[in-house]
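Data block for input-v7.txt (compact mmCIF, C-alpha atoms):
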```
# COMPACT_ATOMS: atom_id res chain seq x y z
CA MET A 221 10.41 -8.29 28.02
CA PHE A 222 12.05 -5.08 29.12
CA LEU A 223 9.65 -2.34 30.06
CA VAL A 224 10.18 1.37 30.27
CA ILE A 225 8.90 2.61 33.58
CA HIS A 226 8.95 5.96 35.20
CA GLU A 227 7.78 7.42 38.46
CA GLY A 228 4.09 8.34 38.42
CA SER A 229 3.89 12.09 38.77
CA ARG A 230 1.22 12.13 41.45
CA SER A 231 1.29 8.87 43.34
CA GLY A 232 5.05 8.31 43.29
CA LYS A 233 4.29 4.75 42.18
CA LYS A 234 5.95 3.25 39.17
CA MET A 235 3.84 3.75 36.06
CA ILE A 236 4.03 1.77 32.90
CA ALA A 237 4.98 3.62 29.68
CA GLU A 238 3.79 2.96 26.14
CA GLY A 239 7.32 2.06 25.08
CA LYS A 240 8.93 2.57 21.71
CA LEU A 241 10.90 0.90 18.96
CA ILE A 242 14.61 1.50 18.52
CA PHE A 243 16.18 0.82 15.13
CA ASP A 244 19.96 0.40 15.08
CA ILE A 245 20.98 0.75 11.46
CA ALA A 246 24.42 -0.44 10.36
CA TRP A 247 25.60 1.66 7.41
CA ASP A 248 28.84 1.05 5.48
CA ASP A 249 29.29 4.21 3.35
CA ARG A 250 27.33 2.85 0.40
CA ALA A 251 24.42 0.87 1.75
CA ILE A 252 22.59 -0.32 4.81
CA ALA A 253 24.28 -3.50 5.98
CA GLY A 254 21.66 -4.48 8.53
CA ALA A 255 19.01 -3.27 10.92
CA LYS A 256 18.43 -4.33 14.52
CA VAL A 257 15.00 -3.79 16.03
CA ARG A 258 14.51 -3.45 19.76
CA SER A 259 11.12 -2.95 21.34
CA SER A 260 10.19 -1.70 24.79
CA ARG A 261 6.49 -2.08 24.06
CA PRO A 262 4.57 -3.51 27.02
CA VAL A 263 2.97 -6.27 24.97
CA PHE A 264 1.85 -8.10 28.09
CA ALA A 265 0.04 -5.11 29.59
CA CYS A 266 -3.30 -6.79 28.82
CA ARG A 267 -2.48 -9.28 31.61
CA VAL A 268 -3.93 -6.65 33.96
CA LEU A 269 -7.26 -8.15 32.83
CA GLU A 270 -6.41 -11.55 34.30
CA GLY A 271 -8.31 -12.49 37.44
CA ARG A 272 -11.11 -10.04 36.71
CA PRO A 273 -14.71 -10.84 35.73
CA ALA A 274 -15.19 -11.27 31.99
CA GLU A 275 -17.49 -8.25 31.70
CA ASP A 276 -14.67 -6.01 33.01
CA VAL A 277 -12.75 -6.76 29.83
CA LEU A 278 -15.26 -4.81 27.79
CA LYS A 279 -15.00 -1.82 30.15
CA LEU A 280 -11.22 -1.82 30.61
CA VAL A 281 -9.94 -2.51 27.10
CA PRO A 282 -11.13 0.88 25.74
CA MET A 283 -9.38 2.58 28.69
CA LEU A 284 -6.12 0.74 28.13
CA PHE A 285 -5.64 1.35 24.43
CA SER A 286 -5.77 4.62 22.54
CA ILE A 287 -4.98 4.88 18.88
CA CYS A 288 -6.54 1.59 17.85
CA GLY A 289 -9.05 1.71 20.69
CA ARG A 290 -12.08 0.77 18.63
CA ALA A 291 -10.39 -2.20 16.99
CA GLN A 292 -9.14 -3.31 20.42
CA SER A 293 -12.65 -3.03 21.85
CA VAL A 294 -14.18 -4.94 18.94
CA ALA A 295 -11.53 -7.67 19.16
CA ALA A 296 -12.12 -7.99 22.91
CA ALA A 297 -15.90 -8.17 22.52
CA ALA A 298 -15.69 -10.73 19.71
CA ALA A 299 -13.18 -12.88 21.66
CA VAL A 300 -15.35 -12.79 24.79
CA ASP A 301 -18.41 -13.77 22.73
CA ALA A 302 -16.51 -16.69 21.21
CA ALA A 303 -15.19 -17.83 24.60
CA ARG A 304 -18.76 -17.84 25.96
CA GLY A 305 -20.10 -19.62 22.90
CA ILE A 306 -22.26 -16.64 21.93
CA GLU A 307 -22.81 -15.45 18.38
CA ALA A 308 -23.27 -11.68 18.05
CA ASP A 309 -26.51 -10.58 16.37
CA ALA A 310 -26.55 -8.89 12.97
CA ALA A 311 -26.90 -5.34 14.37
CA THR A 312 -23.93 -5.84 16.70
CA ARG A 313 -21.80 -7.26 13.91
CA GLU A 314 -22.69 -4.30 11.70
CA GLU A 315 -21.85 -1.83 14.47
CA ARG A 316 -18.43 -3.51 14.96
CA GLU A 317 -17.63 -3.38 11.25
CA ARG A 318 -18.48 0.32 11.14
CA ALA A 319 -16.41 1.08 14.23
CA ILE A 320 -13.28 -0.49 12.78
CA ALA A 321 -13.86 1.03 9.33
CA ALA A 322 -14.16 4.51 10.87
CA GLU A 323 -10.94 3.99 12.83
CA CYS A 324 -9.17 2.71 9.73
CA LEU A 325 -10.27 5.81 7.83
CA HIS A 326 -8.89 8.01 10.60
CA GLU A 327 -5.54 6.21 10.60
CA TYR A 328 -5.12 6.25 6.81
CA VAL A 329 -5.96 9.95 6.67
CA TRP A 330 -3.42 10.58 9.45
CA ARG A 331 -0.68 8.76 7.50
CA LEU A 332 -1.61 10.57 4.30
CA PHE A 333 -2.15 14.10 5.62
CA ILE A 334 0.42 14.29 8.42
CA ASP A 335 3.09 11.57 8.49
CA LEU A 336 3.93 10.99 4.84
CA PRO A 337 4.04 14.70 3.91
CA ALA A 338 6.45 15.27 6.79
CA LEU A 339 8.75 12.53 5.43
CA LEU A 340 8.66 13.79 1.86
CA GLY A 341 8.97 17.48 2.63
CA GLU A 342 5.35 18.26 1.71
CA ALA A 343 3.00 20.43 3.76
CA ALA A 344 1.22 18.47 6.51
CA ARG A 345 -2.52 19.09 6.78
CA PRO A 346 -3.60 18.34 10.36
CA GLY A 347 -6.60 20.65 9.84
CA ASP A 348 -8.20 18.21 7.39
CA LEU A 349 -7.80 15.36 9.88
CA ALA A 350 -9.19 17.55 12.68
CA ASP A 351 -12.28 18.24 10.49
CA LEU A 352 -12.80 14.55 9.90
CA ARG A 353 -12.47 13.84 13.63
CA ARG A 354 -15.09 16.47 14.46
CA ARG A 355 -17.51 14.71 12.15
CA MET A 356 -16.94 11.30 13.74
CA PRO A 357 -18.82 11.08 17.05
CA SER A 358 -17.95 8.22 19.39
CA GLU A 359 -21.56 7.01 19.39
CA ALA A 360 -23.49 6.94 16.15
CA GLY A 361 -26.82 5.59 14.97
CA GLU A 362 -27.73 4.60 11.42
CA ALA A 363 -28.45 8.18 10.29
CA GLU A 364 -25.17 9.50 11.76
CA TRP A 365 -23.18 6.76 10.04
CA LEU A 366 -24.67 7.72 6.69
CA ASP A 367 -23.65 11.34 7.37
CA ILE A 368 -20.14 10.28 8.37
CA ALA A 369 -19.87 8.21 5.19
CA ALA A 370 -20.99 11.19 3.09
CA ASP A 371 -18.52 13.52 4.81
CA ALA A 372 -15.71 11.00 4.36
CA GLU A 373 -16.59 10.59 0.68
CA GLU A 374 -16.46 14.36 0.20
CA LEU A 375 -13.13 14.71 2.00
CA LEU A 376 -11.54 11.88 0.00
CA GLU A 377 -12.89 13.19 -3.28
CA GLN A 378 -11.62 16.72 -2.68
CA ARG A 379 -8.37 16.09 -0.85
CA VAL A 380 -7.11 12.68 -1.91
CA PHE A 381 -8.45 11.24 -5.15
CA GLY A 382 -9.67 14.28 -7.06
CA MET A 383 -12.71 12.23 -8.14
CA ARG A 384 -15.38 10.05 -6.57
CA THR A 385 -13.88 7.05 -4.78
CA ARG A 386 -15.81 4.55 -6.89
CA ASP A 387 -14.57 6.23 -10.07
CA TRP A 388 -11.02 6.07 -8.79
CA LEU A 389 -11.39 2.39 -7.92
CA ALA A 390 -12.71 1.76 -11.45
CA LEU A 391 -9.78 3.45 -13.27
CA ASP A 392 -8.12 1.17 -15.79
CA GLU A 393 -4.34 0.79 -15.96
CA ALA A 394 -3.78 3.68 -18.38
CA ARG A 395 -6.04 6.07 -16.49
CA LEU A 396 -4.47 5.16 -13.16
CA ALA A 397 -1.05 5.90 -14.69
CA ARG A 398 -2.30 9.33 -15.72
CA TRP A 399 -3.69 9.90 -12.22
CA VAL A 400 -0.27 9.11 -10.70
CA ASP A 401 1.26 11.67 -13.07
CA ASP A 402 -1.11 14.37 -11.82
CA ALA A 403 1.32 16.39 -9.76
CA ALA A 404 -1.42 18.77 -8.58
CA LEU A 405 -2.70 16.29 -5.98
CA PRO A 406 -0.55 15.32 -2.99
CA ALA A 407 -1.48 11.61 -2.92
CA PRO A 408 -0.35 10.71 -6.47
CA ARG A 409 2.62 13.06 -6.15
CA MET A 410 3.80 11.22 -3.03
CA LEU A 411 3.11 7.84 -4.67
CA ALA A 412 5.27 8.85 -7.64
CA ARG A 413 8.09 9.91 -5.33
CA LEU A 414 8.01 6.61 -3.43
CA ARG A 415 8.57 4.84 -6.75
CA GLY A 416 12.08 6.25 -6.70
CA TYR A 417 13.12 3.98 -3.81
CA ARG A 418 14.24 0.42 -4.47
CA PHE A 419 14.37 -1.16 -1.01
CA GLY A 420 11.68 -2.74 1.13
CA ALA A 421 10.98 -5.91 -0.82
CA PRO A 422 8.50 -8.01 1.14
CA ARG A 423 9.44 -11.59 2.06
CA ALA A 424 6.40 -13.35 3.43
CA PHE A 425 2.91 -12.10 4.07
CA LEU A 426 0.58 -13.01 6.88
CA PRO A 427 -2.29 -14.67 5.03
CA TRP A 428 -5.92 -13.81 5.64
CA LEU A 429 -6.66 -15.46 8.98
CA ASP A 430 -10.02 -17.11 8.49
CA GLU A 431 -11.75 -19.16 11.18
CA THR A 432 -9.83 -22.31 10.26
CA ALA A 433 -6.47 -20.54 10.37
CA LEU A 434 -7.33 -18.96 13.72
CA ARG A 435 -8.42 -22.25 15.21
CA GLU A 436 -5.74 -24.51 13.76
CA GLU A 437 -2.67 -22.28 13.37
CA ILE A 438 -2.92 -19.33 15.75
CA ALA A 439 -4.82 -20.80 18.73
CA PRO A 440 -2.35 -23.65 19.45
CA GLN A 441 0.65 -21.29 19.17
CA MET A 442 -0.86 -18.76 21.54
CA ALA A 443 -1.85 -21.47 24.00
CA ALA A 444 1.58 -23.10 24.00
CA ASN A 445 3.96 -20.18 23.60
CA PRO A 446 3.64 -17.22 26.00
CA THR A 447 6.10 -15.10 23.98
CA PHE A 448 4.17 -15.46 20.72
CA ALA A 449 2.60 -12.06 21.42
CA ALA A 450 6.05 -10.41 21.45
CA LYS A 451 7.56 -12.22 18.43
CA PRO A 452 4.80 -13.83 16.41
CA LEU A 453 5.59 -16.21 13.55
CA TRP A 454 3.46 -17.65 10.79
CA GLN A 455 4.47 -21.24 10.05
CA SER A 456 7.83 -20.63 11.76
CA ARG A 457 8.62 -17.45 9.77
CA PRO A 458 8.11 -13.74 10.38
CA ALA A 459 5.32 -12.35 8.19
CA GLU A 460 4.18 -8.92 7.08
CA THR A 461 0.68 -7.69 7.87
CA GLY A 462 -1.18 -4.57 6.74
CA ALA A 463 -2.93 -3.18 3.68
CA LEU A 464 -0.39 -4.66 1.26
CA ALA A 465 -0.75 -8.13 2.78
CA ARG A 466 -4.52 -7.86 2.34
CA GLN A 467 -4.51 -6.28 -1.13
CA ARG A 468 -1.43 -7.84 -2.72
CA LEU A 469 -3.53 -9.86 -5.17
CA GLN A 470 -5.66 -6.90 -6.21
CA PRO A 471 -4.56 -6.33 -9.84
CA ARG A 472 -3.33 -2.74 -9.58
CA VAL A 473 -1.54 -3.43 -6.28
CA ALA A 474 0.05 -6.59 -7.72
CA ARG A 475 1.31 -4.61 -10.75
CA GLU A 476 2.77 -1.91 -8.49
CA LEU A 477 4.42 -4.48 -6.22
CA ALA A 478 6.16 -6.15 -9.15
CA SER A 479 8.48 -3.14 -9.49
CA ASN A 480 7.94 -0.76 -6.58
CA ARG A 481 7.84 -1.83 -2.98
CA LEU A 482 7.25 1.31 -0.95
CA SER A 483 4.71 2.75 -3.34
CA ALA A 484 2.82 -0.58 -3.42
CA ARG A 485 2.25 -0.26 0.31
CA LEU A 486 0.84 3.25 -0.17
CA LEU A 487 -1.27 2.17 -3.15
CA ALA A 488 -2.71 -0.72 -1.11
CA ARG A 489 -3.71 1.78 1.58
CA LEU A 490 -5.32 4.04 -1.01
CA VAL A 491 -7.30 1.09 -2.43
CA GLU A 492 -8.62 0.32 1.05
CA LEU A 493 -9.21 3.99 1.86
CA ALA A 494 -11.32 4.46 -1.28
CA ALA A 495 -13.58 1.57 -0.23
CA LEU A 496 -14.18 2.83 3.33
CA PRO A 497 -17.07 5.28 2.72
CA ALA A 498 -19.08 2.42 1.17
CA GLN A 499 -18.16 0.17 4.11
CA LEU A 500 -19.43 2.84 6.52
CA ARG A 501 -22.70 3.14 4.58
CA ARG A 502 -23.45 -0.55 4.20
CA PRO A 503 -20.98 -2.61 6.22
CA GLN A 504 -19.95 -5.98 4.81
CA ALA A 505 -18.74 -8.70 7.15
CA ILE A 506 -15.06 -8.38 6.21
CA GLY A 507 -13.20 -7.08 9.23
CA VAL A 508 -13.94 -9.40 12.15
CA ARG A 509 -13.57 -13.17 12.65
CA ALA A 510 -13.92 -15.05 15.92
CA VAL A 511 -13.67 -18.69 16.94
CA ALA A 512 -14.00 -20.79 20.06
CA ALA A 513 -10.84 -22.83 20.61
CA GLY A 514 -11.59 -25.22 23.42
CA ASN A 515 -13.23 -24.86 26.77
CA GLY A 516 -13.73 -21.18 27.60
CA VAL A 517 -11.17 -20.02 25.04
CA GLY A 518 -12.05 -17.45 22.40
CA LEU A 519 -9.96 -15.87 19.65
CA ALA A 520 -10.79 -12.90 17.48
CA ALA A 521 -8.99 -11.37 14.50
CA VAL A 522 -9.80 -7.81 13.51
CA GLU A 523 -8.49 -5.97 10.45
CA THR A 524 -7.00 -2.58 11.31
CA ALA A 525 -5.12 0.02 9.30
CA ARG A 526 -1.85 -1.51 10.49
CA GLY A 527 -2.83 -5.10 9.90
CA THR A 528 -4.43 -8.02 11.66
CA LEU A 529 -5.01 -7.63 15.40
CA ILE A 530 -5.55 -10.84 17.38
CA HIS A 531 -7.03 -11.22 20.86
CA ARG A 532 -7.14 -14.46 22.83
CA ILE A 533 -9.06 -14.87 26.06
CA ALA A 534 -9.23 -17.93 28.28
CA LEU A 535 -12.10 -17.90 30.77
CA GLU A 536 -12.41 -19.99 33.92
CA GLY A 537 -16.09 -19.73 34.63
CA GLU A 538 -16.76 -16.01 34.36
CA ARG A 539 -13.21 -14.97 35.28
CA VAL A 540 -10.37 -14.16 32.93
CA ALA A 541 -7.59 -16.72 33.38
CA ARG A 542 -5.39 -15.57 30.49
CA TYR A 543 -5.43 -12.65 28.12
CA ALA A 544 -3.09 -12.10 25.19
CA ILE A 545 -2.96 -9.65 22.30
CA VAL A 546 -0.89 -9.93 19.14
CA ALA A 547 -0.71 -6.50 17.49
CA PRO A 548 0.38 -5.75 13.90
CA THR A 549 3.52 -3.93 15.07
CA GLU A 550 4.94 -7.16 16.48
CA TRP A 551 4.62 -8.90 13.10
CA ASN A 552 6.10 -6.12 10.97
CA PHE A 553 8.84 -5.15 13.44
CA HIS A 554 9.84 -8.66 14.41
CA PRO A 555 13.68 -8.73 14.74
CA GLN A 556 13.84 -10.74 11.49
CA GLY A 557 10.65 -9.26 10.02
CA ALA A 558 9.67 -7.04 7.11
CA PHE A 559 11.40 -3.93 8.45
CA ALA A 560 14.75 -5.51 9.38
CA ARG A 561 14.98 -7.65 6.22
CA GLY A 562 13.58 -4.97 3.92
CA LEU A 563 16.31 -2.46 4.80
CA ALA A 564 19.30 -4.75 4.36
CA GLY A 565 21.12 -3.74 1.19
CA ALA A 566 19.30 -0.43 0.73
CA GLU A 567 21.59 2.02 -1.06
CA ALA A 568 22.47 5.11 0.98
CA ARG A 569 25.26 7.51 0.07
CA ASP A 570 25.29 9.22 3.43
CA GLU A 571 23.82 8.93 6.89
CA ASN A 572 20.87 11.12 5.97
CA GLU A 573 19.91 8.80 3.15
CA ALA A 574 20.22 5.81 5.49
CA ARG A 575 17.97 7.57 7.98
CA GLN A 576 15.47 8.50 5.27
CA ALA A 577 15.34 4.87 4.06
CA ALA A 578 14.69 3.57 7.58
CA THR A 579 12.04 6.20 8.21
CA LEU A 580 10.22 5.59 4.92
CA LEU A 581 10.11 1.82 5.44
CA ALA A 582 8.98 2.30 9.04
CA HIS A 583 6.18 4.53 7.77
CA ALA A 584 5.20 1.95 5.14
CA LEU A 585 5.00 -0.74 7.84
CA ASP A 586 3.35 1.67 10.28
CA PRO A 587 4.31 0.96 13.89
CA CYS A 588 1.74 2.07 16.45
CA VAL A 589 4.31 3.68 18.75
CA ALA A 590 7.08 6.22 18.38
CA TYR A 591 10.43 5.00 17.10
CA GLU A 592 14.00 6.15 17.13
CA VAL A 593 16.45 5.62 14.27
CA ARG A 594 20.16 5.33 15.14
CA ILE A 595 22.68 5.17 12.33
CA ASN A 596 25.90 3.33 13.17
CA ALA A 597 28.55 4.05 10.58
CA MET B 189 -1.47 -1.78 20.71
CA CYS B 190 -0.52 1.48 22.26
CA LEU B 191 -1.42 2.23 25.82
CA ALA B 192 -3.72 5.20 26.38
CA ILE B 193 -1.86 6.84 29.22
CA PRO B 194 -3.48 10.15 30.25
CA VAL B 195 -1.20 13.16 30.59
CA LYS B 196 -2.02 16.49 32.17
CA VAL B 197 -1.92 19.76 30.26
CA VAL B 198 0.11 22.25 32.33
CA GLU B 199 0.43 25.18 29.94
CA LEU B 200 -1.11 26.37 26.68
CA LEU B 201 1.40 27.61 24.10
CA ASP B 202 1.10 29.57 20.87
CA GLY B 203 0.41 27.81 17.59
CA ASP B 204 -2.05 25.20 18.87
CA GLU B 205 0.56 23.66 21.16
CA ALA B 206 0.65 22.86 24.85
CA THR B 207 3.04 21.63 27.50
CA VAL B 208 2.10 18.37 29.20
CA ASP B 209 3.47 16.54 32.19
CA VAL B 210 4.49 13.00 31.26
CA GLY B 211 5.46 11.26 34.48
CA GLY B 212 7.23 14.34 35.80
CA VAL B 213 8.84 15.24 32.46
CA ARG B 214 7.54 18.28 30.57
CA LYS B 215 6.98 17.95 26.88
CA ALA B 216 5.50 20.13 24.09
CA ILE B 217 2.64 18.56 22.15
CA SER B 218 0.25 19.60 19.38
CA LEU B 219 -3.42 20.34 20.04
CA ALA B 220 -4.25 20.52 16.31
CA LEU B 221 -6.50 17.45 16.41
CA VAL B 222 -8.66 18.24 19.46
CA ASP B 223 -10.80 21.19 20.43
CA GLY B 224 -11.40 23.02 23.68
CA ILE B 225 -8.40 21.95 25.78
CA ALA B 226 -7.71 23.95 28.95
CA VAL B 227 -4.91 23.88 31.52
CA GLY B 228 -5.57 21.04 33.97
CA ASP B 229 -7.29 18.80 31.39
CA TYR B 230 -6.08 15.28 30.83
CA VAL B 231 -5.44 14.17 27.26
CA ILE B 232 -4.34 10.98 25.52
CA LEU B 233 -1.23 11.42 23.39
CA HIS B 234 -0.15 9.76 20.20
CA VAL B 235 3.24 10.58 18.63
CA GLY B 236 3.19 14.18 19.78
CA TYR B 237 -0.50 14.89 19.14
CA ALA B 238 -3.27 15.05 21.74
CA ILE B 239 -5.95 12.76 20.31
CA GLN B 240 -8.56 12.67 23.05
CA LYS B 241 -9.70 14.73 26.01
CA LEU B 242 -10.65 12.81 29.15
CA ASP B 243 -12.91 14.01 31.90
CA PRO B 244 -11.12 14.09 35.28
CA GLU B 245 -13.01 11.09 36.63
CA GLU B 246 -12.18 9.00 33.59
CA ALA B 247 -8.55 10.07 33.81
CA GLU B 248 -8.38 9.07 37.51
CA LYS B 249 -9.73 5.61 36.76
CA THR B 250 -7.37 5.11 33.85
CA LEU B 251 -4.36 6.29 35.82
CA ALA B 252 -5.28 3.90 38.65
CA LEU B 253 -5.42 1.04 36.14
CA PHE B 254 -2.00 1.94 34.75
CA ALA B 255 -0.57 2.30 38.25
CA GLU B 256 -1.70 -1.26 38.92
CA LEU B 257 -0.06 -2.34 35.69
CA GLY B 258 3.11 -0.56 36.66
CA GLU B 259 3.40 -2.59 39.83
CA ASN B 260 3.03 -5.86 37.95
CA LEU B 261 5.03 -4.57 34.99
CA GLY B 262 2.87 -6.54 32.60
CA ALA B 263 5.16 -9.51 32.92
CA ALA B 264 5.20 -12.33 30.40
CA PRO B 265 3.26 -15.34 31.60
CA ALA B 266 5.34 -18.14 33.09
```
Would you give me this structure, written as structure tokens?
Amino acid sequence: MFLVIHEGSRSGKKMIAEGKLIFDIAWDDRAIAGAKVRSSRPVFACRVLEGRPAEDVLKLVPMLFSICGRAQSVAAAAAVDAARGIEADAATREERERAIAAECLHEYVWRLFIDLPALLGEAARPGDLADLRRRMPSEAGEAEWLDIAADAEELLEQRVFGMRTRDWLALDEARLARWVDDAALPAPRMLARLRGYRFGAPRAFLPWLDETALREEIAPQMAANPTFAAKPLWQSRPAETGALARQRLQPRVARELASNRLSARLLARLVELAALPAQLRRPQAIGVRAVAAGNGVGLAAVETARGTLIHRIALEGERVARYAIVAPTEWNFHPQGAFARGLAGAEARDENEARQAATLLAHALDPCVAYEVRINA
Amino acid sequence: MCLAIPVKVVELLDGDEATVDVGGVRKAISLALVDGIAVGDYVILHVGYAIQKLDPEEAEKTLALFAELGENLGAAPA
């Protein structure tokens, strides 16, 4: 794995960088002929945990990771519990579900209020996201969570759905069609525009990783193959993870996916977003699974906005012998994955259209680092 | 999985923006998502936005951890 390093500004020592994705797009005057994905992401950075006491993991993981910091912390805690043979109590499990739901809300609102408007030439609304962030303290008790849920519900009603989230989730096919036609709201307007693009057909989805799948499919791969974290495969094939993978069987998402690929990914996010205030109020056990996989080995899978996040820890006594993380970005931006395959054949009359196609599909698959698009005519 | 590397704010700019020092390189970022940032503060960045303010002690510890990582380069296991 190639890493981007630069000189630390103060110490003069080499410092690790967060890396990025580079997309080399081959364009032949009419269409995109192919896309190469290169990653400089330091996917093995979590090896800094190796050799340390197990309790350090819980302190260091939140320092190491930023944007999905809560999901990373929850995955680490659940994997450590599993490796030690401990089952978290009900209050802890509830707290973990709320933490990842709150982070998911934050990420979906970011995509919807900042990133997607920028791609479609709409006005970005960072102020709305800033408001939401102010209302989400890092530590919250039961009463605060209920307040956060109420604030989130209000924001989504006013700025996204134009109605209560449960009413939106209950819309029948005809009423949902009318909602999409409502050009006064940004979310349906952007959904309607994404319907105009024909590329991005999904190939294979990462299935829901339940305890059996974690134990029998993922654990042996991660134990045997050190590079699984960089280029993960599901049953020998790249697989897409994210809201669409989770919601593809939901009736309205399935209908959308039958004809529209990019918009189905946005609709799947909206379906999950609409359910998040209720998840913050009364968390269901839907986001976290953990299993023991042999002596001192624990795996956890956590659902994040970008997809399934997997942590594996191997303990020797109370010390960390091995630590590995498989992040959603490595599934979706696998060199033969959903991004690379989904762009091949996309119509593009000029370089700008080719760039727009690459950027829209990247947004739909949501990498957690910056990316650079290069068009090679 | 994106690393939370702290960067130092070196100058406040108009329009809720600031200049930060990223490993010796200066870069303009947005402060639209965080409140109360002053010159000298450390922040965590994500795609051009400051998303978190760190107290100096926290930033020191985090930078030390990343420095350690830098020396080992997070190599793939053998």
Q.
Counting only C-alpha atoms, which residues sit no farther than 9 Å from the position (-13.4, 1.6, 14.8) in the file's frame? I'd like them as number ranges by chain.
A. A: 288-294, 316-326, 524
Q: Output the contact residues of chain B with respect to chain A at a cut-off of 10 Å, based on only C-alpha atoms, as a PyMOL selection string.
A: chain B and resi 189-196+209-213+218-223+232-237+239-240+246-247+249-266
**Q.** Between atom CA of His531 of chain A and atom CA of Ile438 of chain A - distance in Å to one decimal
**A.**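 Those two atoms sit 10.4 Å apart.
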Q: Quick one: pull the distance between atom CA of Ser260 of chain A and atom CA of Gln441 of chain A, Å, one decimal.
A: 22.5 Å
Q. Any idea what the distance is between atom CA of Ile217 of chain B and atom CA of Glu592 of chain A?
A. 17.6 Å
Q.
With only C-alpha atoms as the counted atoms, please give the residues lying no more than 12 Å from Val227 of chain B, apart from itself and same-chain residues fewer than 4 positions off, as a PyMOL selection string.
A. chain B and resi 195-201+205-209+231+241
Q: Excluding His554 of chain A and any residue of its chain fewer than 6 positions from it, enumerate the residues within 8 Å of it, using all atoms listed in the file, and give them as a count of residues only.
A: 5
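In this comparison, which uses only C-alpha atoms, the residue of A:Pro555, A:Asp430, A:Pro408, A:Arg457 approaching Leu487 of chain A most closely is A:Pro408.
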Q: Within 8 Å of Leu389 of chain A, counting only C-alpha atoms, which residues show up once you throw out same-chain ones fewer than 2 positions away? Write them as a VMD selection string, please.
A: chain A and resid 385 to 387 391 491 494
Q: Mind checking which residues fall within 12 Å of Glu362 of chain A, counting all atoms listed in the file, ignoring those fewer than 6 positions away in the same chain, and posting them as JSON, numbers by chain?
A: {"A": [311, 314, 315, 318, 368, 369, 500, 501, 502, 503]}
